[in-house]
Amino acid sequence: MPGEKKKLVLTAHWPGPVMAALDADYDLTAPEGDNRLTGEALFDALQGAWALAPVYYDKIDAEFIARLPASLKIIASFGVGVDHIDLGAARTKNLRVSNTPDVLTADTADLTIGLMIAAARGFHERETALRNGDWAGSAVGESLHHRVSGKTLGIIGMGRIGRAVARRARAFDMDVLYSSRSRKPELEASLGIIWCEGIDALLAEADFVSLHPALTEETRHLMNARRLGLMKQGAYLINTGRGALVDEAALVEALKAGHLGGAGLDVYEREPQLAPGLADMANVTLLPHIGSATTETRAAMGLRVKENLDAYRDTGEPGDAVV
Ligand code: DGY
């Protein structure tokens, strides 16, 4: 019955079928179309709310959390990354936090492979030329790019997405090196991947480097000027994880200097801003954080949030609890 539904606030409009499912079971407040619910309008909407379901780009910092009403019990985030939420502040306020792992793994891994191929084979440069009427495809010995198959991929961070990227890369006959907090002998055996003792060792060997650790204070600027300098001459950096894993200004310098072959990026340090110079580079493929942006996955993410909320409402324990 409507009066008994718990109040849930979304900061964005989610895919249609998810909105319908949420509306059936919750007292739902959400903006329409492309609008976003932010600032004071969000705090007004949150009065009396039981749950807030933000998106991975909404900044839920300590100041924001301190202002949340006492009725608010859970932050059920739409997305797997929780670096946008101050988890310590949530804990202090006895708030539960959940995320949506698993459902976006395949799409993000697909996009990672896509960016690797796009960067190495010069999709951006080729397509731009073609759209400008320049059919350069018949040049036999000039303007050539680089092969992906059979090369060495270094994966930093071997969680769900890192593993899915490794599986796909093996299908391209790539040698896959990995570095992560702990060694994973079972994956080495099942996927035929090779452990590197430390990131620096991996960078010295890899033709492509793909970043998949969670963003924390420890991993911020993991790829700094020194580490970019350790990458092989002509290697490619691929980032579908979080922008701040890379010192973007240092990346622009490394690209300008011709040390790197190129980069494929879906995430940026200061989204939606790009570091000066990045957009002017022909050997960089740039996407606007679309790792999970398919109809299938965005619906699955929304339904996963609903499952997490339902579990919390019905059992007192949210699904995919982070806090
Ligand atoms: C996430 O869920 O954290 C992703 O960045 C969304 O694509």
# chains A, B, ... in the order shown; residues from 1 in each chain; ligands from 1
>>> residues_around(residues="A:Val322", least_positions_apart="3", cutoff="10 Å", atoms="only C-alpha atoms", output="list in words")
Ala76, Val82, Leu87, Arg96, Val97, Ser98, Asn99, Pro318 and Gly319 of chain A
>>> residues_near_ligand(ligand="ligand 1", cutoff="8 Å", atoms="only C-alpha atoms and all ligand atoms", output="list in words")
Tyr56, Phe78, Gly79, Val80, Gly81, Val82, Thr100, Pro101, Leu104, Thr108, Thr240, Gly241, Arg242, Val267, His289, Ile290, Gly291, Ser292 and Ala293 of chain A
>>> select_by_dssp(residues="stretch 99-232 of chain A", states="strand (DSSP E or B)", output="list in words")
Thr152, Leu153, Gly154, Ile155, Ile156, Asp175, Val176, Leu177, Tyr178, Ser179, Ile194, Trp195, Phe208, Val209, Ser210, Leu211 and Met223 of chain A
>>> write_last_selection(atoms="N, CA and C atoms", output="PDB file, in the first residue's frame")
ATOM      1  N   THR A 152      51.942  -8.234 -25.535  1.00  0.00           N
ATOM      2  CA  THR A 152      51.886  -8.460 -24.081  1.00  0.00           C
ATOM      3  C   THR A 152      51.033  -7.385 -23.420  1.00  0.00           C
ATOM      4  N   LEU A 153      50.036  -7.857 -22.674  1.00  0.00           N
ATOM      5  CA  LEU A 153      49.169  -6.944 -21.924  1.00  0.00           C
ATOM      6  C   LEU A 153      49.523  -7.036 -20.443  1.00  0.00           C
ATOM      7  N   GLY A 154      49.711  -5.909 -19.819  1.00  0.00           N
ATOM      8  CA  GLY A 154      49.935  -5.865 -18.367  1.00  0.00           C
ATOM      9  C   GLY A 154      48.687  -5.329 -17.695  1.00  0.00           C
ATOM     10  N   ILE A 155      48.108  -6.126 -16.812  1.00  0.00           N
ATOM     11  CA  ILE A 155      46.883  -5.708 -16.123  1.00  0.00           C
ATOM     12  C   ILE A 155      47.238  -5.376 -14.673  1.00  0.00           C
ATOM     13  N   ILE A 156      46.897  -4.170 -14.266  1.00  0.00           N
ATOM     14  CA  ILE A 156      47.139  -3.773 -12.876  1.00  0.00           C
ATOM     15  C   ILE A 156      45.795  -3.813 -12.148  1.00  0.00           C
ATOM     16  N   ASP A 175      50.006 -12.422 -24.383  1.00  0.00           N
ATOM     17  CA  ASP A 175      50.599 -12.829 -23.112  1.00  0.00           C
ATOM     18  C   ASP A 175      50.071 -11.840 -22.086  1.00  0.00           C
ATOM     19  N   VAL A 176      49.572 -12.358 -20.981  1.00  0.00           N
ATOM     20  CA  VAL A 176      48.991 -11.459 -19.980  1.00  0.00           C
ATOM     21  C   VAL A 176      49.800 -11.511 -18.688  1.00  0.00           C
ATOM     22  N   LEU A 177      50.339 -10.353 -18.310  1.00  0.00           N
ATOM     23  CA  LEU A 177      51.035 -10.204 -17.028  1.00  0.00           C
ATOM     24  C   LEU A 177      50.070  -9.495 -16.089  1.00  0.00           C
ATOM     25  N   TYR A 178      50.188  -9.751 -14.812  1.00  0.00           N
ATOM     26  CA  TYR A 178      49.330  -9.007 -13.894  1.00  0.00           C
ATOM     27  C   TYR A 178      50.071  -8.653 -12.619  1.00  0.00           C
ATOM     28  N   SER A 179      49.570  -7.580 -12.006  1.00  0.00           N
ATOM     29  CA  SER A 179      50.088  -7.172 -10.711  1.00  0.00           C
ATOM     30  C   SER A 179      48.862  -6.846  -9.867  1.00  0.00           C
ATOM     31  N   ILE A 194      50.479 -14.374 -15.996  1.00  0.00           N
ATOM     32  CA  ILE A 194      51.775 -14.417 -15.296  1.00  0.00           C
ATOM     33  C   ILE A 194      51.870 -13.296 -14.265  1.00  0.00           C
ATOM     34  N   TRP A 195      52.206 -13.664 -13.065  1.00  0.00           N
ATOM     35  CA  TRP A 195      52.330 -12.711 -11.945  1.00  0.00           C
ATOM     36  C   TRP A 195      53.603 -11.887 -12.091  1.00  0.00           C
ATOM     37  N   PHE A 208      50.878  -3.123 -23.738  1.00  0.00           N
ATOM     38  CA  PHE A 208      49.645  -2.429 -23.345  1.00  0.00           C
ATOM     39  C   PHE A 208      49.526  -2.547 -21.838  1.00  0.00           C
ATOM     40  N   VAL A 209      49.102  -1.454 -21.204  1.00  0.00           N
ATOM     41  CA  VAL A 209      48.905  -1.494 -19.752  1.00  0.00           C
ATOM     42  C   VAL A 209      47.462  -1.079 -19.485  1.00  0.00           C
ATOM     43  N   SER A 210      46.739  -1.915 -18.754  1.00  0.00           N
ATOM     44  CA  SER A 210      45.333  -1.612 -18.483  1.00  0.00           C
ATOM     45  C   SER A 210      45.105  -1.538 -16.972  1.00  0.00           C
ATOM     46  N   LEU A 211      44.379  -0.499 -16.535  1.00  0.00           N
ATOM     47  CA  LEU A 211      44.278  -0.197 -15.101  1.00  0.00           C
ATOM     48  C   LEU A 211      42.930  -0.613 -14.513  1.00  0.00           C
ATOM     49  N   MET A 223      49.740   5.792 -11.792  1.00  0.00           N
ATOM     50  CA  MET A 223      50.528   6.035 -13.004  1.00  0.00           C
ATOM     51  C   MET A 223      50.955   7.499 -12.983  1.00  0.00           C
TER      52      MET A 223
END
>>> residues_around(residues="A:Ser149", least_positions_apart="6", cutoff="7 Å", atoms="only C-alpha atoms", output="number ranges by chain")
A: 172-174
>>> residues_around(residues="A:Asp27", least_positions_apart="4", cutoff="8 Å", atoms="only C-alpha atoms", output="short mmCIF file (atom, residue, chain, number, x, y, z; two decimals) with all heavy atoms, in the first residue's frame")
data_model
loop_
_atom_site.label_atom_id
_atom_site.label_comp_id
_atom_site.auth_asym_id
_atom_site.auth_seq_id
_atom_site.Cartn_x
_atom_site.Cartn_y
_atom_site.Cartn_z
N PRO A 2 0.48 2.28 -0.79
CA PRO A 2 1.36 3.43 -0.98
C PRO A 2 1.85 4.04 0.32
O PRO A 2 3.01 4.34 0.46
CB PRO A 2 0.49 4.42 -1.77
CG PRO A 2 -0.60 3.61 -2.37
CD PRO A 2 -0.75 2.37 -1.56
N LYS A 5 4.95 2.40 1.77
CA LYS A 5 6.20 2.29 1.00
C LYS A 5 7.27 3.19 1.61
O LYS A 5 6.99 4.30 2.03
CB LYS A 5 5.95 2.72 -0.45
CG LYS A 5 5.09 1.76 -1.25
CD LYS A 5 4.88 2.36 -2.62
CE LYS A 5 4.03 1.50 -3.50
NZ LYS A 5 3.71 2.19 -4.76
N LYS A 6 8.49 2.72 1.56
CA LYS A 6 9.59 3.53 2.07
C LYS A 6 10.01 4.54 1.01
O LYS A 6 9.97 4.23 -0.18
CB LYS A 6 10.76 2.63 2.45
CG LYS A 6 10.47 1.78 3.68
CD LYS A 6 11.69 1.06 4.13
CE LYS A 6 11.42 0.21 5.37
NZ LYS A 6 11.04 1.02 6.56
N LYS A 7 10.45 5.69 1.45
CA LYS A 7 10.79 6.75 0.49
C LYS A 7 12.22 6.56 -0.04
O LYS A 7 13.17 6.46 0.74
CB LYS A 7 10.65 8.13 1.14
CG LYS A 7 10.93 9.25 0.15
CD LYS A 7 10.56 10.61 0.70
CE LYS A 7 10.91 11.70 -0.32
NZ LYS A 7 10.71 13.05 0.21
N LEU A 8 12.31 6.53 -1.34
CA LEU A 8 13.58 6.33 -2.04
C LEU A 8 13.81 7.51 -2.98
O LEU A 8 12.92 7.87 -3.75
CB LEU A 8 13.51 5.02 -2.85
CG LEU A 8 14.56 4.79 -3.93
CD1 LEU A 8 15.95 4.67 -3.32
CD2 LEU A 8 14.23 3.52 -4.72
N ASP A 23 9.10 2.07 -8.66
CA ASP A 23 7.88 2.81 -8.35
C ASP A 23 6.82 1.89 -7.74
O ASP A 23 6.04 2.31 -6.89
CB ASP A 23 7.37 3.45 -9.65
CG ASP A 23 6.36 4.53 -9.36
OD1 ASP A 23 6.55 5.24 -8.34
OD2 ASP A 23 5.37 4.63 -10.10
#
>>> select_by_dssp(residues="stretch 135-242 of chain A", states="helix (DSSP H, G or I)", output="ChimeraX atom specification")
/A:160-171,185-191,199-205,225-230
>>> closest_residue(among="A:Leu278, A:Leu228, A:Ala12, A:Leu191", to="A:Asp34", atoms="only C-alpha atoms")
A:Ala12
